[in-house]
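I have placed the structure first, in the form of structure tokens, so that the comments after it can refer back to it.
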Amino acid sequence: MSSKEELIARLNDAMAWELAGVIQYMQAAVMVTGDAREIYREFFHESSEEALEHAELVGEKISVLGGVPTVEPAMIRQAADIDGMLEAALALERDALKAWEDAHAVADAANPGTVFWIEEHVAEEQEHVDHLEKLTEKVSFASSDIDEATGQSG
Ligand SMILES: [Fe+2]
Ligand SMILES: [Fe+2]
């Protein structure tokens, strides 16, 4: 496989995760019920639209390189409740981030325009992972640090 074919293959993996995102987030948007609907319907809807934009952009890049953009989404994770939907979203974003990182690893340094373009996507997917790690409370803080910060200890 030439380095260009390798890059096309990695970009197609990223595209497959973006296509999975379009479908997974849309299903979550229409299915989310209860109080969570007020908060998360819009979030899921916008995430689906953003994944569609990303899929189209990467499809443009694949095709200008002479590759055929995939029409096959990667794994779509489904959940019946909001906690499951957010965990599924985090897993999706981690897979998408990995795919973009893998594309970056094979991008030709002689083509800085493409390298920088991929880096922007890596940064965006990292933001999505960070946001979902907070939404799913993967991040926590020591109360002792809070006391220190507010100057109430000692
Ligand atoms: Fe994306
Ligand atoms: Fe994303």
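Following the order of the structure tokens, chains are lettered A, B, ..., residues in each are numbered from 1, and ligands are numbered from 1.
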Counting only C-alpha atoms, what is within 12 Å of A:Leu135, bar same-chain residues fewer than 6 positions away, as a compact mmCIF listing (two decimals) with N, CA, C and O atoms, in the first residue's frame?
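Below is the file around.txt, written as the result:
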```
# COMPACT_ATOMS: atom_id res chain seq x y z
N ILE A 39 -32.73 18.91 28.03
CA ILE A 39 -31.31 19.27 27.97
C ILE A 39 -30.63 18.63 26.76
O ILE A 39 -29.85 19.28 26.07
N TYR A 40 -30.91 17.37 26.52
CA TYR A 40 -30.06 16.59 25.61
C TYR A 40 -30.59 16.41 24.20
O TYR A 40 -29.82 16.06 23.31
N PHE A 43 -28.62 18.81 22.16
CA PHE A 43 -27.21 18.40 22.14
C PHE A 43 -27.00 17.24 21.14
O PHE A 43 -26.09 17.27 20.31
N ILE A 82 -30.81 7.91 29.13
CA ILE A 82 -29.84 9.00 28.93
C ILE A 82 -28.43 8.61 29.38
O ILE A 82 -27.45 8.94 28.70
N ASP A 83 -28.31 7.91 30.51
CA ASP A 83 -26.97 7.53 30.96
C ASP A 83 -26.28 6.64 29.92
O ASP A 83 -25.10 6.83 29.61
N GLY A 84 -27.04 5.69 29.39
CA GLY A 84 -26.49 4.80 28.37
C GLY A 84 -26.15 5.56 27.08
O GLY A 84 -25.14 5.28 26.43
N MET A 85 -27.00 6.52 26.74
CA MET A 85 -26.76 7.32 25.52
C MET A 85 -25.47 8.13 25.65
O MET A 85 -24.70 8.25 24.69
N LEU A 86 -25.24 8.69 26.82
CA LEU A 86 -24.03 9.50 27.02
C LEU A 86 -22.79 8.62 27.05
O LEU A 86 -21.74 8.99 26.51
N GLU A 87 -22.89 7.43 27.67
CA GLU A 87 -21.76 6.50 27.65
C GLU A 87 -21.46 6.05 26.22
O GLU A 87 -20.30 5.92 25.82
N ALA A 88 -22.53 5.80 25.45
CA ALA A 88 -22.37 5.40 24.04
C ALA A 88 -21.73 6.53 23.24
O ALA A 88 -20.88 6.29 22.36
N ALA A 89 -22.11 7.76 23.55
CA ALA A 89 -21.54 8.92 22.85
C ALA A 89 -20.05 9.05 23.17
O ALA A 89 -19.24 9.31 22.28
N LEU A 90 -19.69 8.86 24.44
CA LEU A 90 -18.28 8.94 24.82
C LEU A 90 -17.46 7.86 24.11
O LEU A 90 -16.38 8.15 23.58
N HIS A 128 -14.64 16.93 22.08
CA HIS A 128 -15.87 16.15 22.27
C HIS A 128 -15.68 15.10 23.36
O HIS A 128 -16.56 14.89 24.20
N VAL A 129 -14.51 14.43 23.34
CA VAL A 129 -14.22 13.44 24.38
C VAL A 129 -14.19 14.12 25.75
O VAL A 129 -14.80 13.65 26.71
```
List as a tab-separated table every residue of chain A that is in contact with ligand 2, defined as an atom at most 12 Å from one of its atoms (using only C-alpha atoms and all ligand atoms), together with the nearest atom pair and the distance in Å rounded to one decimal, sorted by chain and then rising number.
```
residue	atom	partner	partner_atom_place_in_ligand_line	distance
A:Ala14	CA	ligand 2	1 (Fe)	10.3
A:Met15	CA	ligand 2	1 (Fe)	11.1
A:Trp17	CA	ligand 2	1 (Fe)	8.8
A:Glu18	CA	ligand 2	1 (Fe)	7.4
A:Leu19	CA	ligand 2	1 (Fe)	10.7
A:Ala20	CA	ligand 2	1 (Fe)	10.5
A:Gly21	CA	ligand 2	1 (Fe)	7.6
A:Val22	CA	ligand 2	1 (Fe)	10.0
A:Gln24	CA	ligand 2	1 (Fe)	11.7
A:Tyr25	CA	ligand 2	1 (Fe)	10.4
A:Phe44	CA	ligand 2	1 (Fe)	11.2
A:Glu46	CA	ligand 2	1 (Fe)	10.8
A:Ser47	CA	ligand 2	1 (Fe)	7.4
A:Ser48	CA	ligand 2	1 (Fe)	9.1
A:Glu49	CA	ligand 2	1 (Fe)	10.5
A:Glu50	CA	ligand 2	1 (Fe)	7.6
A:Ala51	CA	ligand 2	1 (Fe)	6.4
A:Leu52	CA	ligand 2	1 (Fe)	10.2
A:Glu53	CA	ligand 2	1 (Fe)	10.5
A:His54	CA	ligand 2	1 (Fe)	8.4
A:Ala55	CA	ligand 2	1 (Fe)	10.4
A:Ala89	CA	ligand 2	1 (Fe)	8.8
A:Leu90	CA	ligand 2	1 (Fe)	9.1
A:Ala91	CA	ligand 2	1 (Fe)	10.5
A:Leu92	CA	ligand 2	1 (Fe)	7.8
A:Glu93	CA	ligand 2	1 (Fe)	5.1
A:Arg94	CA	ligand 2	1 (Fe)	8.4
A:Asp95	CA	ligand 2	1 (Fe)	9.3
A:Ala96	CA	ligand 2	1 (Fe)	6.6
A:Leu97	CA	ligand 2	1 (Fe)	7.4
A:Lys98	CA	ligand 2	1 (Fe)	10.9
A:Ala99	CA	ligand 2	1 (Fe)	11.0
A:Trp100	CA	ligand 2	1 (Fe)	10.1
A:Glu120	CA	ligand 2	1 (Fe)	11.7
A:His121	CA	ligand 2	1 (Fe)	8.5
A:Val122	CA	ligand 2	1 (Fe)	9.1
A:Ala123	CA	ligand 2	1 (Fe)	9.7
A:Glu124	CA	ligand 2	1 (Fe)	6.7
A:Glu125	CA	ligand 2	1 (Fe)	4.5
A:Gln126	CA	ligand 2	1 (Fe)	7.7
A:Glu127	CA	ligand 2	1 (Fe)	7.8
A:His128	CA	ligand 2	1 (Fe)	5.2
A:Val129	CA	ligand 2	1 (Fe)	7.4
A:Asp130	CA	ligand 2	1 (Fe)	10.3
A:His131	CA	ligand 2	1 (Fe)	10.1
A:Leu132	CA	ligand 2	1 (Fe)	10.0
```
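Counting from atom CA of A:Pro69, the distance to atom CA of A:Leu7 is 12.2 Å.
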Please run DSSP on the backbone and report, as a short mmCIF file (atom, residue, chain, number, x, y, z; two decimals) with N, CA, C and O atoms, in the first residue's frame, all residues within stretch 73-154 of chain A that come out as helix (DSSP H, G or I).
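Final output, states-v9.cif:
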```
data_model
loop_
_atom_site.label_atom_id
_atom_site.label_comp_id
_atom_site.auth_asym_id
_atom_site.auth_seq_id
_atom_site.Cartn_x
_atom_site.Cartn_y
_atom_site.Cartn_z
N ILE A 82 -30.81 7.91 29.13
CA ILE A 82 -29.84 9.00 28.93
C ILE A 82 -28.43 8.61 29.38
O ILE A 82 -27.45 8.94 28.70
N ASP A 83 -28.31 7.91 30.51
CA ASP A 83 -26.97 7.53 30.96
C ASP A 83 -26.28 6.64 29.92
O ASP A 83 -25.10 6.83 29.61
N GLY A 84 -27.04 5.69 29.39
CA GLY A 84 -26.49 4.80 28.37
C GLY A 84 -26.15 5.56 27.08
O GLY A 84 -25.14 5.28 26.43
N MET A 85 -27.00 6.52 26.74
CA MET A 85 -26.76 7.32 25.52
C MET A 85 -25.47 8.13 25.65
O MET A 85 -24.70 8.25 24.69
N LEU A 86 -25.24 8.69 26.82
CA LEU A 86 -24.03 9.50 27.02
C LEU A 86 -22.79 8.62 27.05
O LEU A 86 -21.74 8.99 26.51
N GLU A 87 -22.89 7.43 27.67
CA GLU A 87 -21.76 6.50 27.65
C GLU A 87 -21.46 6.05 26.22
O GLU A 87 -20.30 5.92 25.82
N ALA A 88 -22.53 5.80 25.45
CA ALA A 88 -22.37 5.40 24.04
C ALA A 88 -21.73 6.53 23.24
O ALA A 88 -20.88 6.29 22.36
N ALA A 89 -22.11 7.76 23.55
CA ALA A 89 -21.54 8.92 22.85
C ALA A 89 -20.05 9.05 23.17
O ALA A 89 -19.24 9.31 22.28
N LEU A 90 -19.69 8.86 24.44
CA LEU A 90 -18.28 8.94 24.82
C LEU A 90 -17.46 7.86 24.11
O LEU A 90 -16.38 8.15 23.58
N ALA A 91 -17.99 6.65 24.07
CA ALA A 91 -17.28 5.55 23.39
C ALA A 91 -17.10 5.87 21.91
O ALA A 91 -16.03 5.66 21.33
N LEU A 92 -18.14 6.41 21.29
CA LEU A 92 -18.07 6.82 19.87
C LEU A 92 -16.99 7.88 19.66
O LEU A 92 -16.17 7.77 18.73
N GLU A 93 -16.99 8.89 20.50
CA GLU A 93 -16.03 9.99 20.33
C GLU A 93 -14.60 9.51 20.55
O GLU A 93 -13.67 9.99 19.88
N ARG A 94 -14.41 8.57 21.48
CA ARG A 94 -13.07 8.02 21.69
C ARG A 94 -12.61 7.24 20.46
O ARG A 94 -11.45 7.33 20.06
N ASP A 95 -13.52 6.49 19.85
CA ASP A 95 -13.17 5.74 18.64
C ASP A 95 -12.89 6.70 17.48
O ASP A 95 -11.96 6.47 16.69
N ALA A 96 -13.69 7.76 17.38
CA ALA A 96 -13.48 8.75 16.31
C ALA A 96 -12.13 9.45 16.50
O ALA A 96 -11.37 9.62 15.54
N LEU A 97 -11.83 9.83 17.73
CA LEU A 97 -10.55 10.48 18.02
C LEU A 97 -9.38 9.58 17.62
O LEU A 97 -8.44 10.02 16.96
N LYS A 98 -9.48 8.30 17.98
CA LYS A 98 -8.42 7.34 17.64
C LYS A 98 -8.25 7.25 16.12
O LYS A 98 -7.12 7.23 15.61
N ALA A 99 -9.35 7.22 15.40
CA ALA A 99 -9.29 7.13 13.93
C ALA A 99 -8.61 8.36 13.34
O ALA A 99 -7.79 8.25 12.42
N TRP A 100 -8.96 9.54 13.85
CA TRP A 100 -8.33 10.78 13.36
C TRP A 100 -6.84 10.80 13.71
O TRP A 100 -6.01 11.25 12.92
N GLU A 101 -6.50 10.32 14.92
CA GLU A 101 -5.08 10.25 15.31
C GLU A 101 -4.31 9.30 14.39
O GLU A 101 -3.16 9.57 14.01
N ASP A 102 -4.95 8.18 14.04
CA ASP A 102 -4.31 7.21 13.15
C ASP A 102 -4.09 7.80 11.76
O ASP A 102 -3.10 7.51 11.09
N ALA A 103 -5.05 8.62 11.32
CA ALA A 103 -4.89 9.30 10.02
C ALA A 103 -3.72 10.29 10.10
O ALA A 103 -2.91 10.39 9.17
N HIS A 104 -3.64 10.97 11.22
CA HIS A 104 -2.53 11.92 11.39
C HIS A 104 -1.18 11.22 11.34
O HIS A 104 -0.22 11.75 10.76
N ALA A 105 -1.13 10.03 11.92
CA ALA A 105 0.14 9.28 11.99
C ALA A 105 0.68 8.91 10.61
O ALA A 105 1.89 8.75 10.45
N VAL A 106 -0.21 8.78 9.63
CA VAL A 106 0.26 8.39 8.29
C VAL A 106 0.22 9.56 7.29
O VAL A 106 0.53 9.38 6.11
N PRO A 112 1.77 19.77 4.22
CA PRO A 112 1.38 20.36 5.50
C PRO A 112 -0.09 20.78 5.54
O PRO A 112 -0.70 20.76 6.61
N GLY A 113 -0.67 21.15 4.40
CA GLY A 113 -2.08 21.54 4.39
C GLY A 113 -2.97 20.43 4.91
O GLY A 113 -3.88 20.67 5.71
N THR A 114 -2.71 19.22 4.47
CA THR A 114 -3.50 18.06 4.93
C THR A 114 -3.17 17.73 6.38
O THR A 114 -4.07 17.41 7.16
N VAL A 115 -1.89 17.82 6.75
CA VAL A 115 -1.51 17.54 8.13
C VAL A 115 -2.22 18.49 9.09
O VAL A 115 -2.83 18.07 10.08
N PHE A 116 -2.19 19.80 8.80
CA PHE A 116 -2.84 20.77 9.67
C PHE A 116 -4.35 20.55 9.71
O PHE A 116 -4.99 20.69 10.75
N TRP A 117 -4.91 20.20 8.58
CA TRP A 117 -6.35 19.96 8.49
C TRP A 117 -6.75 18.79 9.40
O TRP A 117 -7.74 18.86 10.12
N ILE A 118 -5.95 17.73 9.37
CA ILE A 118 -6.22 16.58 10.23
C ILE A 118 -6.05 16.97 11.70
O ILE A 118 -6.85 16.58 12.56
N GLU A 119 -5.02 17.77 11.99
CA GLU A 119 -4.79 18.19 13.38
C GLU A 119 -5.98 18.95 13.94
O GLU A 119 -6.35 18.78 15.11
N GLU A 120 -6.61 19.78 13.11
CA GLU A 120 -7.81 20.50 13.56
C GLU A 120 -8.89 19.52 13.99
O GLU A 120 -9.59 19.74 14.98
N HIS A 121 -9.03 18.45 13.23
CA HIS A 121 -10.06 17.45 13.56
C HIS A 121 -9.70 16.67 14.81
O HIS A 121 -10.57 16.37 15.63
N VAL A 122 -8.42 16.34 14.97
CA VAL A 122 -7.98 15.68 16.20
C VAL A 122 -8.34 16.55 17.40
O VAL A 122 -8.89 16.07 18.39
N ALA A 123 -8.06 17.84 17.29
CA ALA A 123 -8.36 18.76 18.40
C ALA A 123 -9.86 18.82 18.67
O ALA A 123 -10.30 18.81 19.82
N GLU A 124 -10.68 18.84 17.61
CA GLU A 124 -12.13 18.90 17.79
C GLU A 124 -12.67 17.64 18.45
O GLU A 124 -13.51 17.69 19.35
N GLU A 125 -12.16 16.47 18.00
CA GLU A 125 -12.66 15.22 18.59
C GLU A 125 -12.20 15.11 20.05
O GLU A 125 -12.93 14.58 20.89
N GLN A 126 -11.01 15.63 20.33
CA GLN A 126 -10.55 15.63 21.74
C GLN A 126 -11.49 16.49 22.59
O GLN A 126 -11.81 16.12 23.73
N GLU A 127 -11.93 17.62 22.05
CA GLU A 127 -12.90 18.47 22.78
C GLU A 127 -14.18 17.70 23.06
O GLU A 127 -14.77 17.81 24.15
N HIS A 128 -14.64 16.93 22.08
CA HIS A 128 -15.87 16.15 22.27
C HIS A 128 -15.68 15.10 23.36
O HIS A 128 -16.56 14.89 24.20
N VAL A 129 -14.51 14.43 23.34
CA VAL A 129 -14.22 13.44 24.38
C VAL A 129 -14.19 14.12 25.75
O VAL A 129 -14.80 13.65 26.71
N ASP A 130 -13.51 15.26 25.84
CA ASP A 130 -13.40 15.97 27.12
C ASP A 130 -14.78 16.34 27.64
O ASP A 130 -15.08 16.17 28.84
N HIS A 131 -15.62 16.88 26.76
CA HIS A 131 -16.97 17.31 27.16
C HIS A 131 -17.78 16.12 27.68
O HIS A 131 -18.42 16.21 28.73
N LEU A 132 -17.72 15.00 26.96
CA LEU A 132 -18.50 13.83 27.36
C LEU A 132 -17.93 13.18 28.62
O LEU A 132 -18.68 12.58 29.39
N GLU A 133 -16.63 13.30 28.84
CA GLU A 133 -16.07 12.79 30.10
C GLU A 133 -16.63 13.57 31.28
O GLU A 133 -16.89 13.02 32.35
N LYS A 134 -16.86 14.87 31.08
CA LYS A 134 -17.49 15.67 32.15
C LYS A 134 -18.97 15.32 32.28
O LYS A 134 -19.47 15.17 33.40
N LEU A 135 -19.66 15.20 31.15
CA LEU A 135 -21.10 14.87 31.21
C LEU A 135 -21.34 13.53 31.89
O LEU A 135 -22.35 13.34 32.56
N SER A 143 -12.48 17.26 47.51
CA SER A 143 -13.05 18.40 48.24
C SER A 143 -11.96 19.17 48.98
O SER A 143 -12.09 20.36 49.21
N SER A 144 -10.88 18.48 49.33
CA SER A 144 -9.78 19.18 50.00
C SER A 144 -9.18 20.27 49.11
O SER A 144 -8.76 21.32 49.59
N ASP A 145 -9.19 20.01 47.78
CA ASP A 145 -8.69 21.03 46.86
C ASP A 145 -9.62 22.24 46.83
O ASP A 145 -9.18 23.38 46.70
N ILE A 146 -10.93 21.98 46.94
CA ILE A 146 -11.91 23.07 46.94
C ILE A 146 -11.68 23.94 48.17
O ILE A 146 -11.65 25.16 48.09
N ASP A 147 -11.49 23.30 49.32
CA ASP A 147 -11.27 24.06 50.57
C ASP A 147 -10.05 24.97 50.43
O ASP A 147 -10.10 26.14 50.80
N GLU A 148 -9.00 24.39 49.85
CA GLU A 148 -7.77 25.17 49.67
C GLU A 148 -8.03 26.38 48.77
O GLU A 148 -7.63 27.50 49.08
N ALA A 149 -8.76 26.12 47.67
CA ALA A 149 -9.00 27.17 46.69
C ALA A 149 -9.83 28.32 47.27
O ALA A 149 -9.64 29.48 46.91
N THR A 150 -10.76 28.00 48.17
CA THR A 150 -11.61 29.05 48.72
C THR A 150 -11.00 29.66 49.98
O THR A 150 -11.57 30.56 50.58
#
```
As a check of understanding: the span from atom CA of A:Asn12 to atom CA of A:Gly59 is 7.9 Å
Need the shell around A:Val64: protein/DNA/RNA residues with any atom at most 12 Å away, counting only C-alpha atoms. Skip same-chain ones fewer than 4 positions apart. Format as a list in words? Lys4, Ile8, Leu11, Leu57, Val58, Gly59, Glu60, Val68, Pro69 and Thr114 of chain A
Residues within 8 Å of A:Val30, only C-alpha atoms, excluding chain neighbours under 3 positions, as a list in words: Met26, Gln27 and Arg41 of chain A
Can you spit out the residues from that selection as an mmCIF file, in the first residue's frame, using C-alpha atoms?
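Wrote selection-v6.cif, looks like this:
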```cif
data_model
loop_
_atom_site.group_PDB
_atom_site.id
_atom_site.type_symbol
_atom_site.label_atom_id
_atom_site.label_comp_id
_atom_site.auth_asym_id
_atom_site.auth_seq_id
_atom_site.Cartn_x
_atom_site.Cartn_y
_atom_site.Cartn_z
ATOM 1 C CA MET A 26 -29.906 11.211 15.613
ATOM 2 C CA GLN A 27 -31.404 8.105 17.225
ATOM 3 C CA ARG A 41 -32.378 16.502 22.597
#
```
If we count only C-alpha atoms and set the cut-off at 10 Å, which residues sit around A:Asp81, ignoring sequence neighbours fewer than 3 positions away in its own chain? Please answer as a ChimeraX atom specification. /A:28,31-34,36,78,84-86
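Take atom CA of A:Met1 and atom CA of A:Glu72: the distance between them is 21.3 Å.
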